[in-house]
Structures are given as structure tokens and as C-alpha cells.
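Asker: One file is attached below, start26.cif, containing mmCIF, C-alpha atoms.
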data_run
#
loop_
_atom_site.label_atom_id
_atom_site.label_comp_id
_atom_site.auth_asym_id
_atom_site.auth_seq_id
_atom_site.Cartn_x
_atom_site.Cartn_y
_atom_site.Cartn_z
CA MET A 1 46.21 53.68 -7.97
CA VAL A 2 44.90 50.55 -6.26
CA ALA A 3 45.25 50.69 -2.49
CA ARG A 4 48.17 48.66 -1.14
CA ALA A 5 45.92 46.54 1.10
CA SER A 6 43.84 45.35 -1.87
CA LEU A 7 46.78 43.84 -3.76
CA PRO A 8 48.17 40.35 -3.09
CA THR A 9 51.68 40.46 -1.64
CA VAL A 10 54.68 38.53 -2.96
CA VAL A 11 57.72 38.49 -0.67
CA ILE A 12 61.27 37.79 -1.84
CA VAL A 13 63.45 36.12 0.80
CA GLY A 14 66.89 34.53 0.81
CA ARG A 15 70.25 34.70 2.48
CA PRO A 16 72.54 37.70 1.81
CA ASN A 17 73.90 38.43 -1.68
CA VAL A 18 71.83 35.97 -3.73
CA GLY A 19 70.34 38.72 -5.94
CA LYS A 20 67.07 39.64 -4.19
CA SER A 21 67.37 43.37 -4.90
CA THR A 22 68.32 42.74 -8.53
CA LEU A 23 65.22 40.56 -8.92
CA PHE A 24 63.06 43.16 -7.16
CA ASN A 25 64.30 45.96 -9.45
CA ALA A 26 63.79 43.81 -12.55
CA LEU A 27 60.22 42.78 -11.65
CA THR A 28 59.10 46.27 -10.62
CA GLY A 29 60.94 48.00 -13.46
CA GLN A 30 62.57 50.55 -11.17
CA ARG A 31 65.75 51.11 -9.17
CA ARG A 32 64.16 51.16 -5.72
CA ALA A 33 66.47 48.64 -4.09
CA LEU A 34 70.22 49.15 -3.75
CA VAL A 35 72.34 46.64 -5.64
CA GLY A 36 75.98 45.93 -4.88
CA ASP A 37 78.55 43.19 -4.40
CA GLU A 38 78.67 43.81 -0.66
CA PRO A 39 76.28 41.53 1.27
CA GLY A 40 73.58 43.20 3.36
CA MET A 41 72.86 46.22 1.17
CA THR A 42 69.13 45.86 1.93
CA ARG A 43 68.06 45.87 5.59
CA ASP A 44 64.50 47.22 5.74
CA ARG A 45 61.52 45.97 3.80
CA ILE A 46 61.23 47.70 0.42
CA TYR A 47 57.84 47.81 -1.29
CA GLY A 48 57.04 48.12 -4.96
CA GLU A 49 54.30 47.18 -7.38
CA ALA A 50 54.52 44.78 -10.32
CA ASP A 51 52.13 43.72 -13.06
CA TYR A 52 51.86 40.56 -15.12
CA PHE A 53 49.14 40.71 -17.79
CA GLY A 54 46.88 42.75 -15.52
CA ARG A 55 47.57 40.65 -12.41
CA ARG A 56 48.93 43.39 -10.20
CA PHE A 57 50.65 42.58 -6.96
CA GLU A 58 52.74 44.18 -4.25
CA LEU A 59 56.37 43.00 -4.22
CA VAL A 60 58.46 43.12 -1.06
CA ASP A 61 62.24 42.93 -0.97
CA THR A 62 63.65 41.81 2.37
CA GLY A 63 67.16 41.88 3.80
CA GLY A 64 69.38 38.83 3.62
CA ILE A 65 68.17 36.34 6.23
CA ILE A 66 70.37 34.16 8.40
CA VAL A 67 67.92 32.40 10.71
CA ASN A 68 70.16 31.56 13.69
CA ASP A 69 72.41 34.63 13.67
CA ALA A 70 72.40 36.39 17.03
CA GLU A 71 73.94 39.65 15.84
CA MET A 72 71.82 42.78 16.15
CA ILE A 73 71.47 43.71 12.44
CA PRO A 74 70.75 40.17 11.15
CA SER A 75 68.17 39.62 13.90
CA GLN A 76 66.44 42.90 13.02
CA ILE A 77 66.44 41.87 9.35
CA LEU A 78 64.77 38.58 10.31
CA LYS A 79 62.22 40.49 12.38
CA GLN A 80 61.43 42.75 9.43
CA ALA A 81 61.16 39.74 7.12
CA ARG A 82 58.74 37.92 9.45
CA VAL A 83 56.37 40.92 9.32
CA ALA A 84 56.39 40.75 5.52
CA LEU A 85 56.00 36.95 5.45
CA LYS A 86 52.93 37.18 7.67
CA GLU A 87 51.18 39.26 5.00
CA ALA A 88 52.44 37.22 2.04
CA ALA A 89 50.13 35.59 -0.48
CA HIS A 90 53.15 33.96 -2.12
CA ILE A 91 56.81 33.66 -1.18
CA ILE A 92 59.74 33.64 -3.59
CA TYR A 93 62.67 31.89 -1.92
CA LEU A 94 65.71 33.07 -3.91
CA ILE A 95 68.89 31.05 -3.85
CA ASP A 96 72.24 31.38 -5.62
CA GLY A 97 72.48 28.67 -8.30
CA ARG A 98 76.24 28.99 -8.54
CA THR A 99 76.86 27.85 -4.96
CA GLU A 100 76.18 24.65 -3.09
CA ILE A 101 73.34 24.40 -0.56
CA THR A 102 74.49 25.84 2.77
CA GLY A 103 73.33 25.35 6.33
CA ALA A 104 71.77 28.83 6.20
CA ASP A 105 69.78 27.76 3.11
CA ARG A 106 68.45 24.68 4.93
CA ASP A 107 67.55 26.66 8.07
CA LEU A 108 65.60 29.20 6.03
CA ALA A 109 63.88 26.41 4.08
CA LYS A 110 62.72 24.80 7.35
CA MET A 111 61.33 28.13 8.54
CA LEU A 112 59.43 28.67 5.30
CA HIS A 113 57.98 25.14 5.32
CA LYS A 114 56.51 25.82 8.77
CA LEU A 115 54.62 28.89 7.51
CA GLY A 116 52.22 26.80 5.44
CA LYS A 117 52.18 29.37 2.63
CA PRO A 118 52.86 28.92 -1.10
CA VAL A 119 56.61 29.01 -1.65
CA THR A 120 58.39 28.98 -4.99
CA LEU A 121 62.09 28.17 -4.95
CA VAL A 122 63.81 30.41 -7.50
CA VAL A 123 67.37 29.46 -8.44
CA ASN A 124 69.14 32.66 -9.53
CA LYS A 125 72.19 33.29 -11.72
CA ILE A 126 71.24 30.54 -14.17
CA ASP A 127 72.17 32.20 -17.46
CA SER A 128 73.64 29.33 -19.46
CA THR A 129 72.78 25.79 -20.47
CA LYS A 130 75.66 24.46 -18.40
CA SER A 131 74.52 26.13 -15.17
CA GLU A 132 70.87 25.20 -15.82
CA ARG A 133 71.73 21.59 -14.98
CA LEU A 134 72.59 22.70 -11.43
CA THR A 135 68.91 23.47 -10.73
CA ASP A 136 68.14 19.81 -10.00
CA ASP A 137 70.37 19.86 -6.92
CA PHE A 138 68.06 22.31 -5.16
CA TYR A 139 65.08 19.94 -5.11
CA ALA A 140 66.82 18.61 -1.98
CA LEU A 141 65.26 21.55 -0.11
CA SER A 142 61.87 19.81 -0.57
CA PHE A 143 60.04 22.54 -2.50
CA LYS A 144 57.73 21.31 -5.24
CA ASP A 145 58.04 24.36 -7.49
CA VAL A 146 61.58 25.21 -8.65
CA PHE A 147 62.30 27.81 -11.35
CA PRO A 148 65.71 28.76 -12.82
CA VAL A 149 66.17 32.46 -13.59
CA SER A 150 68.80 35.08 -14.21
CA ALA A 151 67.69 38.27 -12.44
CA GLU A 152 70.54 40.23 -14.01
CA HIS A 153 69.74 39.15 -17.58
CA ARG A 154 65.97 38.83 -17.01
CA ILE A 155 65.77 35.23 -18.14
CA GLY A 156 62.98 32.91 -16.97
CA PHE A 157 60.62 35.65 -15.77
CA ASP A 158 57.67 34.65 -17.96
CA GLU A 159 57.37 31.12 -16.54
CA LEU A 160 58.01 32.34 -12.99
CA LEU A 161 55.40 35.12 -13.07
CA GLU A 162 52.84 32.88 -14.79
CA HIS A 163 53.18 30.48 -11.86
CA VAL A 164 53.37 33.00 -9.01
CA THR A 165 50.39 35.08 -10.19
CA ALA A 166 48.21 32.13 -11.31
CA GLY A 167 45.63 32.72 -8.56
CA PHE A 168 45.70 36.53 -8.62
CA ALA A 169 42.75 38.50 -9.93
CA VAL A 170 43.11 40.68 -13.00
CA THR A 171 42.80 44.34 -12.02
CA PRO A 172 40.30 46.14 -14.27
CA GLU A 173 41.88 49.02 -16.18
CA GLU A 174 39.36 51.52 -14.84
CA GLU A 175 40.72 51.02 -11.33
CA GLU A 176 44.10 52.36 -12.43
CA SER A 177 43.89 56.09 -11.89
CA THR A 178 47.55 57.02 -12.02
CA ALA A 179 48.75 58.43 -15.31
CA GLN A 180 51.12 56.31 -17.36
CA LYS A 181 54.54 57.96 -17.27
CA ILE A 182 56.85 57.77 -20.28
CA LYS A 183 60.37 59.16 -20.16
CA VAL A 184 61.46 60.52 -23.55
CA ALA A 185 65.04 61.51 -24.42
CA ILE A 186 65.47 64.05 -27.22
CA ILE A 187 68.82 63.29 -28.84
CA GLY A 188 70.79 64.40 -31.89
CA ARG A 189 73.89 66.25 -32.97
CA PRO A 190 74.26 69.95 -32.04
CA ASN A 191 71.97 72.57 -33.58
CA VAL A 192 69.39 70.27 -35.16
CA GLY A 193 66.59 71.87 -33.11
CA LYS A 194 66.32 69.71 -29.99
CA SER A 195 65.72 72.63 -27.62
CA THR A 196 63.22 74.23 -30.01
CA LEU A 197 61.39 70.90 -30.13
CA LEU A 198 61.25 70.70 -26.33
CA ASN A 199 59.75 74.18 -26.22
CA ALA A 200 57.20 73.22 -28.88
CA LEU A 201 56.23 70.04 -27.02
CA THR A 202 55.82 71.80 -23.67
CA GLY A 203 54.32 75.01 -25.00
CA GLN A 204 56.79 77.17 -23.11
CA GLU A 205 60.33 78.52 -23.27
CA ARG A 206 61.71 75.71 -21.14
CA SER A 207 65.04 75.34 -22.93
CA ILE A 208 67.48 77.96 -24.18
CA VAL A 209 67.48 78.23 -27.97
CA SER A 210 70.41 79.71 -29.87
CA GLU A 211 72.00 79.55 -33.29
CA ILE A 212 75.26 78.68 -31.55
CA ALA A 213 75.76 74.91 -31.63
CA GLY A 214 76.12 73.32 -28.21
CA THR A 215 74.07 75.84 -26.21
CA THR A 216 72.55 73.05 -24.15
CA ARG A 217 75.10 71.53 -21.77
CA ASP A 218 72.93 69.99 -19.04
CA ALA A 219 69.91 67.81 -19.68
CA VAL A 220 66.68 69.81 -19.33
CA ASP A 221 63.48 67.95 -18.56
CA GLU A 222 59.81 68.92 -18.53
CA THR A 223 56.62 66.94 -17.87
CA VAL A 224 53.56 67.24 -20.10
CA LYS A 225 50.28 65.46 -19.31
CA ARG A 226 48.03 64.39 -22.18
CA ASP A 227 45.13 61.93 -22.16
CA ASP A 228 46.07 60.25 -18.85
CA THR A 229 49.70 59.92 -19.92
CA GLU A 230 52.61 61.85 -18.47
CA TYR A 231 55.43 62.52 -20.91
CA VAL A 232 58.74 63.45 -19.28
CA PHE A 233 60.79 65.02 -22.08
CA VAL A 234 64.55 65.31 -21.57
CA ASP A 235 66.48 67.64 -23.88
CA THR A 236 70.06 66.39 -23.95
CA ALA A 237 73.23 68.13 -25.03
CA GLY A 238 74.15 67.68 -28.68
CA ILE A 239 76.40 64.66 -29.14
CA ARG A 240 79.56 65.53 -31.07
CA ARG A 241 82.24 63.38 -32.60
CA LYS A 242 84.80 62.23 -30.02
CA GLY A 243 87.56 64.12 -31.79
CA LYS A 244 85.58 67.35 -31.55
CA THR A 245 85.03 67.16 -27.79
CA THR A 246 88.01 68.84 -26.20
CA ALA A 247 86.65 70.69 -23.16
CA MET A 248 85.85 68.57 -20.09
CA ALA A 249 82.33 70.07 -19.85
CA GLU A 250 81.59 69.01 -23.43
CA LYS A 251 82.90 65.49 -22.82
CA LEU A 252 80.81 65.18 -19.68
CA SER A 253 77.70 66.36 -21.56
CA VAL A 254 78.20 63.54 -24.08
CA VAL A 255 78.52 60.99 -21.29
CA MET A 256 75.35 62.34 -19.65
CA ALA A 257 73.45 62.34 -22.95
CA ARG A 258 74.26 58.67 -23.42
CA ARG A 259 73.20 58.02 -19.84
CA HIS A 260 69.83 59.66 -20.50
CA ILE A 261 69.38 57.38 -23.51
CA ARG A 262 69.81 54.41 -21.18
CA LEU A 263 67.31 55.82 -18.68
CA ALA A 264 64.68 56.73 -21.30
CA ASN A 265 61.72 54.60 -22.39
CA VAL A 266 61.51 56.21 -25.83
CA VAL A 267 64.07 58.19 -27.84
CA LEU A 268 63.31 61.02 -30.27
CA LEU A 269 66.22 61.10 -32.73
CA VAL A 270 66.19 64.62 -34.20
CA VAL A 271 67.85 65.14 -37.58
CA ASP A 272 68.09 68.30 -39.67
CA ALA A 273 66.00 67.56 -42.76
CA SER A 274 67.46 70.56 -44.57
CA GLU A 275 70.95 69.05 -44.36
CA GLY A 276 69.94 65.43 -44.86
CA VAL A 277 71.34 62.49 -42.92
CA VAL A 278 75.04 62.65 -42.05
CA ALA A 279 77.32 59.98 -40.60
CA LEU A 280 77.07 61.39 -37.07
CA ASP A 281 73.27 61.03 -37.17
CA ALA A 282 73.68 57.32 -37.82
CA THR A 283 76.28 57.03 -35.04
CA ILE A 284 73.95 58.66 -32.51
CA ALA A 285 71.06 56.49 -33.73
CA GLY A 286 73.31 53.51 -33.06
CA TYR A 287 73.57 54.50 -29.38
CA ALA A 288 69.78 54.29 -29.00
CA HIS A 289 69.60 51.01 -30.92
CA GLU A 290 72.40 49.43 -28.87
CA GLU A 291 70.61 50.37 -25.65
CA GLY A 292 67.44 48.68 -26.94
CA ARG A 293 65.36 51.87 -26.81
CA ALA A 294 62.14 52.43 -28.72
CA THR A 295 63.01 55.13 -31.26
CA ILE A 296 61.22 57.69 -33.43
CA ILE A 297 63.13 59.53 -36.17
CA VAL A 298 62.15 63.21 -36.15
CA ALA A 299 62.91 65.02 -39.41
CA ASN A 300 62.98 68.62 -38.18
CA LYS A 301 62.99 71.84 -40.25
CA TRP A 302 60.82 70.10 -42.83
CA ASP A 303 59.31 73.48 -43.76
CA THR A 304 62.63 74.33 -45.44
CA VAL A 305 62.76 71.18 -47.59
CA LYS A 306 61.41 71.13 -51.15
CA GLU A 307 61.71 67.43 -52.01
CA GLY A 308 58.96 64.88 -51.29
CA LYS A 309 58.68 62.79 -48.13
CA ARG A 310 59.08 59.51 -50.01
CA VAL A 311 62.45 60.49 -51.47
CA TRP A 312 63.73 61.69 -48.12
CA GLU A 313 62.44 58.58 -46.30
CA GLU A 314 64.13 56.24 -48.79
CA ARG A 315 67.39 58.08 -48.18
CA ILE A 316 67.18 57.82 -44.39
CA ARG A 317 66.17 54.17 -44.52
CA ASP A 318 69.20 53.50 -46.67
CA GLU A 319 71.53 55.32 -44.24
CA MET A 320 70.00 53.73 -41.12
CA LYS A 321 69.00 50.21 -42.12
CA PHE A 322 69.19 49.06 -38.50
CA LEU A 323 66.37 51.50 -37.60
CA ALA A 324 63.88 50.04 -40.06
CA TYR A 325 61.39 49.61 -37.18
CA ALA A 326 61.42 53.33 -36.27
CA PRO A 327 58.59 55.52 -37.61
CA ILE A 328 59.54 58.86 -39.19
CA ALA A 329 57.81 62.12 -38.22
CA PHE A 330 58.19 65.16 -40.49
CA ILE A 331 57.91 68.33 -38.40
CA SER A 332 58.93 71.94 -37.96
CA ALA A 333 59.68 72.60 -34.29
CA LYS A 334 59.93 76.32 -35.08
CA THR A 335 56.39 76.64 -36.51
CA GLY A 336 54.88 73.73 -34.56
CA ALA A 337 53.79 71.91 -37.71
CA GLY A 338 53.58 68.14 -37.15
CA VAL A 339 54.64 68.33 -33.48
CA PRO A 340 51.32 67.09 -31.95
CA GLN A 341 51.66 63.70 -33.72
CA LEU A 342 54.75 62.96 -31.63
CA PHE A 343 52.66 62.33 -28.52
CA ARG A 344 50.77 59.50 -30.22
CA LEU A 345 53.94 58.07 -31.78
CA VAL A 346 55.72 58.09 -28.41
CA ARG A 347 52.81 56.39 -26.67
CA ASP A 348 52.50 53.73 -29.38
CA ALA A 349 56.25 53.03 -29.35
CA TYR A 350 56.25 52.72 -25.55
CA GLN A 351 53.32 50.29 -25.64
CA SER A 352 55.06 48.23 -28.33
CA ALA A 353 58.25 48.06 -26.27
CA SER A 354 56.22 47.06 -23.18
CA LYS A 355 54.16 44.38 -24.92
CA ARG A 356 54.24 40.85 -23.51
CA ILE A 357 53.31 37.75 -25.48
CA THR A 358 52.40 34.61 -23.54
CA THR A 359 54.43 31.45 -24.02
CA GLY A 360 51.34 29.73 -25.40
CA GLU A 361 50.87 32.36 -28.09
CA LEU A 362 54.55 32.20 -28.99
CA ASN A 363 54.48 28.43 -29.32
CA ARG A 364 51.48 28.64 -31.66
CA PHE A 365 53.37 31.28 -33.61
CA ILE A 366 56.53 29.13 -33.83
CA GLY A 367 54.43 26.26 -35.17
CA MET A 368 53.48 28.39 -38.19
CA VAL A 369 56.97 29.75 -38.96
CA GLU A 370 59.01 27.92 -41.59
CA PHE A 371 62.70 27.57 -40.75
CA ASP A 372 65.57 26.00 -42.68
CA LYS A 373 65.65 22.19 -42.54
CA ASP A 374 68.87 22.18 -40.50
CA LEU A 375 67.31 24.26 -37.70
CA LYS A 376 64.68 23.07 -35.23
CA VAL A 377 63.09 25.62 -32.90
CA HIS A 378 61.27 23.65 -30.20
CA TYR A 379 59.60 26.56 -28.43
CA MET A 380 60.00 30.23 -27.56
CA THR A 381 59.37 32.36 -24.50
CA GLN A 382 59.55 36.09 -23.78
CA ALA A 383 62.19 36.92 -21.20
CA SER A 384 61.62 40.67 -20.76
CA VAL A 385 60.25 43.91 -22.16
CA ARG A 386 61.74 47.29 -23.14
CA PRO A 387 63.12 45.94 -25.38
CA PRO A 388 61.00 42.85 -26.04
CA THR A 389 63.45 39.99 -25.59
CA PHE A 390 62.70 36.43 -26.67
CA ILE A 391 64.50 33.16 -26.01
CA ALA A 392 64.34 30.53 -28.74
CA PHE A 393 65.06 26.99 -27.60
CA THR A 394 66.66 25.12 -30.48
CA ASP A 395 68.25 21.74 -31.12
CA LYS A 396 71.71 23.32 -31.46
CA GLY A 397 71.74 26.15 -28.95
CA LYS A 398 74.15 28.29 -30.98
CA GLU A 399 73.43 31.80 -32.22
CA LEU A 400 71.09 32.09 -35.17
CA HIS A 401 72.49 33.09 -38.54
CA PHE A 402 71.97 36.79 -39.15
CA SER A 403 69.46 36.18 -41.94
CA THR A 404 67.50 33.67 -39.82
CA GLU A 405 67.39 36.07 -36.88
CA ARG A 406 66.21 38.91 -39.12
CA TYR A 407 63.55 36.63 -40.63
CA LEU A 408 62.30 35.60 -37.18
CA ILE A 409 62.16 39.23 -36.00
CA ASN A 410 60.24 40.23 -39.12
CA GLN A 411 57.77 37.39 -38.54
CA LEU A 412 57.30 38.53 -34.91
CA ARG A 413 56.58 42.07 -36.10
CA GLN A 414 54.16 40.85 -38.73
CA ARG A 415 52.27 38.73 -36.21
CA PHE A 416 52.40 40.88 -33.04
CA GLY A 417 53.32 44.42 -34.13
CA PHE A 418 56.23 45.88 -32.13
CA GLU A 419 56.51 48.99 -34.32
CA GLY A 420 59.00 51.51 -33.02
CA THR A 421 61.02 49.14 -30.83
CA PRO A 422 64.00 46.86 -31.43
CA ILE A 423 63.55 43.15 -30.72
CA GLU A 424 66.23 40.92 -29.21
CA ILE A 425 66.50 37.17 -29.84
CA LYS A 426 68.55 34.93 -27.57
CA VAL A 427 69.13 31.25 -28.21
CA LYS A 428 69.41 28.38 -25.78
CA ARG A 429 69.69 24.66 -26.33
CA ARG A 430 66.68 22.71 -25.22
#
Please re-express this file's structure in C-alpha cells.
Answerer:
Amino acid sequence: MVARASLPTVVIVGRPNVGKSTLFNALTGQRRALVGDEPGMTRDRIYGEADYFGRRFELVDTGGIIVNDAEMIPSQILKQARVALKEAAHIIYLIDGRTEITGADRDLAKMLHKLGKPVTLVVNKIDSTKSERLTDDFYALSFKDVFPVSAEHRIGFDELLEHVTAGFAVTPEEEESTAQKIKVAIIGRPNVGKSTLLNALTGQERSIVSEIAGTTRDAVDETVKRDDTEYVFVDTAGIRRKGKTTAMAEKLSVVMARRHIRLANVVLLVVDASEGVVALDATIAGYAHEEGRATIIVANKWDTVKEGKRVWEERIRDEMKFLAYAPIAFISAKTGAGVPQLFRLVRDAYQSASKRITTGELNRFIGMVEFDKDLKVHYMTQASVRPPTFIAFTDKGKELHFSTERYLINQLRQRFGFEGTPIEIKVKRR
């Protein structure tokens, strides 16, 4: 890990409740800062690290600043913020785009102008074409660089980070010594072999295995390190049909399993190859797809199946058309056959889901894509990763027809890869 002192520092400042902690969590990819509707949730400086195409930097979240407030807590927050601002290479001044400019906004702007450091005014909560027009009002604070974003929906990050990190050095990969950590949720209906798979992946009896369906109630996790990558495998309770979950403990285990899907980077969807694909398998797969998680279909108990892989794959593709992007691994968790390949598949899926394409590359790509005559896509930008989310700016601004969206996603996959991960397309009017 690069020493903190060697990284440029970007400090987020703003008055209370404008979304600083939400922006901090989104840019660092972690839940370090508390987020809530109550103003003043953050009081101390919170540090994290962020990366934009190899330009690594330290990000600092500060408490809500009210410059001329004499109260004890606000004055301590300002004192903490001044320490961070002194070290800053760049300052992000975050403001709420849904409110008018206040006296506190102007006071903070004056203080930042006096520092003589690069300041970017970021107008938050701009998540629609209508609210985007409000951005112009904030040029009154006399900052040259103004960027509209939605921290909650992760819109506008590509342009913002391209600007903020423009002068930062690219950190060579060999300087990064910490292992990449990938959180993997093992999901599926009861008794398909999830716990056996966890034991096979970790090489130990980490999870209880039984012929009785539903043996696992709590999520069991284990970390395995391979080739500078840490895999944190989470074995979740088998997800049953709602009508079959009567006991409170069973219902809670379903809720927790779905929560672990949301928290995972990659999902291993385990199905019983000897039984084929059933409706509940597709339902559970839908949970992972809806959460935008990179997914690998694991056909377990393959040693008991006599038919060929091609026949079985055609059947599963037909049952789960929405998971066409997910690779299929044929394994036997009991014998260990095929299990080692899962590490590579997980790593590749995670990297696909984390891939960023520059706006320039996307615009060149859009120039080569042929759309219907009644649709004009002016340009495209990537808003976020995991899942890769793109915003297409069109002449109409309404949602794309299903077939057009599918065509555009297929073209993105053909040009840039993205195997193993869903892709989201959002549309805005230019």
C-alpha cells in the first residue's frame, strides 16, 4: 500500500447535510462515513483512498462547516476542516443543488477563495434534466469549475474525477502491495451443495454439510488468498419460496441472504445439475441480477449427470435469458472436480464489473454504432462501476426501447468485454 503522505489529498467540504459523506462513500467504494438525514453526522475528519485510472489519491470527508458559528461543535468541525484543507492538493466544495445559495454557502466560498488552492464547485443532487438547469445559478459563487453530480445515484463522477485528478501521477502497479479483496456470495436454493462448495474452495471443513435441506442458517464466511488476491467467500442460507418460510429464523435467513447478495462483489449461483434448472433457481438468479452483481452460474454435482455440457447449457440459457452474460462452470464440490477454475472466473468477473471506459473512448465507440434513424445518441459517459453504468445523452431523453437497449449493451460487450457482469444504461436528454 502506498504511504498516505505520498498520495495527493482531495478534501470534501460543504455546509451540513449536502451529501458529503454519500459522495465520500461513493468515491472510495466503502461505507466509512455515516450517512443519515440528520445534519452533522460527520464531525471528525474521515480518510479513505480512491483511484481513477491509476491516479490514486487520499480523500478526506469533513464535518459540515458553518464558518461564523460560535457553538462548540461547529467550531471544532471548522478547526478539523482547516487542518485537512492545509494539506489539500484539491478541494471539492459540495453544495446542495436543490436549495438556493445561502449566507453560509457564501461565507464558506469566501474562505476557500482565500486559500489559493484549486477548488471545484460540485453541485449535488442533480439527477434529472430539470434540476440540471439549476447548476448555472451557482456560478454566482465565483468558481470557474462547476460540475453537476448525483452522489446518491453516482451520476457525473467520470467528468468530475477526470478534472480533479488531471495533475495527479499514475501510481505504478508494482507499488500496490495490498492484495485485491473480492467478496463472493454463494447463493442458491437449499441442498444444492453451497456448504460443500465453500469447504472445497477453502480446503477445510468450514461449513456444516448435511443431507437435511436448510442446515445453514447464518452466513458463514472464509478468506482464501491466491495470487495476490483475497477471496472472501460467504456461504448463505438456502433461499426458499416465500410460502415455504414459516419459522421466523428461516425468514430472517432469507433476508440476510439477500443482504449478502447486495454486499458481495461477485455471486456464485449454485444449481443442482442432477435436477436441472427449476423456477426457484431463476427467481434467486433474479435477485443477483436486480442488485447488479457480477454472477457465475455453478452447475454442481456434474459428476452425476450423463448428458453433454452443450445440451445442459442450452437449457439453462433458455431458462435464464437475463443471465446471458454469466459464464457457466461445471463442477463437483464433493470430489473437487472443476472447483479451481472458479477462482479465475471470480477474478475475471470482478475485473469486468470494475472496468472503467473513458468518455473519449465511449464517444469514439458511439460514432461507430448504427442506431435507428429516429434516435440520435450525441455522446455517452460512464457514471459508475459494479455494475458498469453508462449514461447515453440523446435528442429525446426518454428511455430506450428494450431492443435498442439490448443492442447497445451487446455492442458494449463486443467492444469492451464486460463478461460476467450486468450493464446498466440510463438516458438523459442533451
Asker: If I take CA of Leu400 (chain A) and CA of Glu290 (chain A), how far is one from the other in Å, to one decimal?
Answerer: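 CA of Glu290 (chain A) lies at a distance of 18.5 Å from CA of Leu400 (chain A).
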Asker: Could you tell me which residues the PyMOL selection byres ((chain A and resi 282) around 10) grabs in this file, written as a ChimeraX atom specification?
Answerer: /A:188,269,271,277-281,283-287,316,319-323
Asker: With the file shown as input, list the residues that the PyMOL selection byres ((chain A and resi 122-127) around 8) selects, as an MDAnalysis selection string.
Answerer: chainID A and resid 18:19 92:98 120:121 128:129 131:132 135 138 146:153 155
Asker: Which value, in Å to one decimal, gives the distance between CA of Ser21 (chain A) and CA of Val60 (chain A)?
Answerer: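 Straight-line distance from CA of Ser21 (chain A) to CA of Val60 (chain A) works out to 9.7 Å.
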Asker: His378 (chain A): which residues within 8 Å, counting all atoms listed in the file, same-chain residues fewer than 3 positions away excluded, as a list in words?
Answerer: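 Once the adjacent positions are removed, what remains is Ala392, Phe393, Thr394, Asp395 and Arg430 of chain A.
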Asker: What gap, in Å, lies between CA of Lys86 (chain A) and CA of Val11 (chain A)?
Answerer: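 Atom-to-atom, CA of Lys86 (chain A) to CA of Val11 (chain A), that is 9.7 Å.
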Asker: For the provided coordinates, the residues matched by the PyMOL selection byres ((chain A and resi 313) around 12) should be stated as a PyMOL selection string.
Answerer: chain A and resi 273+276-277+297-299+307-312+314-321+323-324+326-330
Asker: Name all residues at most 10 Å from Pro340 (chain A) (count all atoms listed in the file; drop same-chain ones fewer than 5 positions away) and give them as a count of residues only.
Answerer: 4
Asker: Find the residues near Ala383 (chain A): any atom within 7 Å, counting all atoms listed in the file, skip ones fewer than 3 places away on the same chain, and give them as a list in words.
Answerer: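 Those residues are Arg154, Ile155, Gly156, Phe157, Asp158, Thr389, Phe390 and Ile391 of chain A.
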Asker: Please determine, counting all atoms listed in the file, which residue among A:Glu361, A:Thr62, A:His401, A:Thr28 has the shortest atom-to-atom distance to Val83 (chain A).
Answerer: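 Closest residue, counting all atoms listed in the file: A:Thr62.
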Asker: Find the residue from A:Arg56, A:Lys306, A:His113, A:Lys355 that sits nearest to Lys144 (chain A); use all atoms listed in the file when measuring.
Answerer: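 With all atoms listed in the file as the atom set, the closest residue is A:His113.
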Asker: Please provide the set of residues having any atom within 12 Å of Phe233 (chain A), restricted to only C-alpha atoms, with same-chain residues fewer than 3 positions apart removed, written as a VMD selection string.
Answerer: chain A and resid 181 to 187 194 to 195 197 to 202 206 to 207 219 to 225 230 236 260 to 261 263 to 268 342 to 343 346
Asker: Let me know the centre plus edge lengths, in Å and rounded to one decimal, of a box with edges along x, y and z that contains all listed atoms of region 188-193 of chain A and is padded by 3 Å on every side, as AutoDock Vina command-line options.
Answerer:
--center_x 70.4 --center_y 68.5 --center_z -33.5 --size_x 13.7 --size_y 14.2 --size_z 9.3
Asker: Give the answer as one residue: which of A:Ile296, A:Ala333, A:Ile366, A:Leu375 has the shortest atom-to-atom distance to Glu419 (chain A), using all atoms listed in the file?
Answerer: A:Ile296
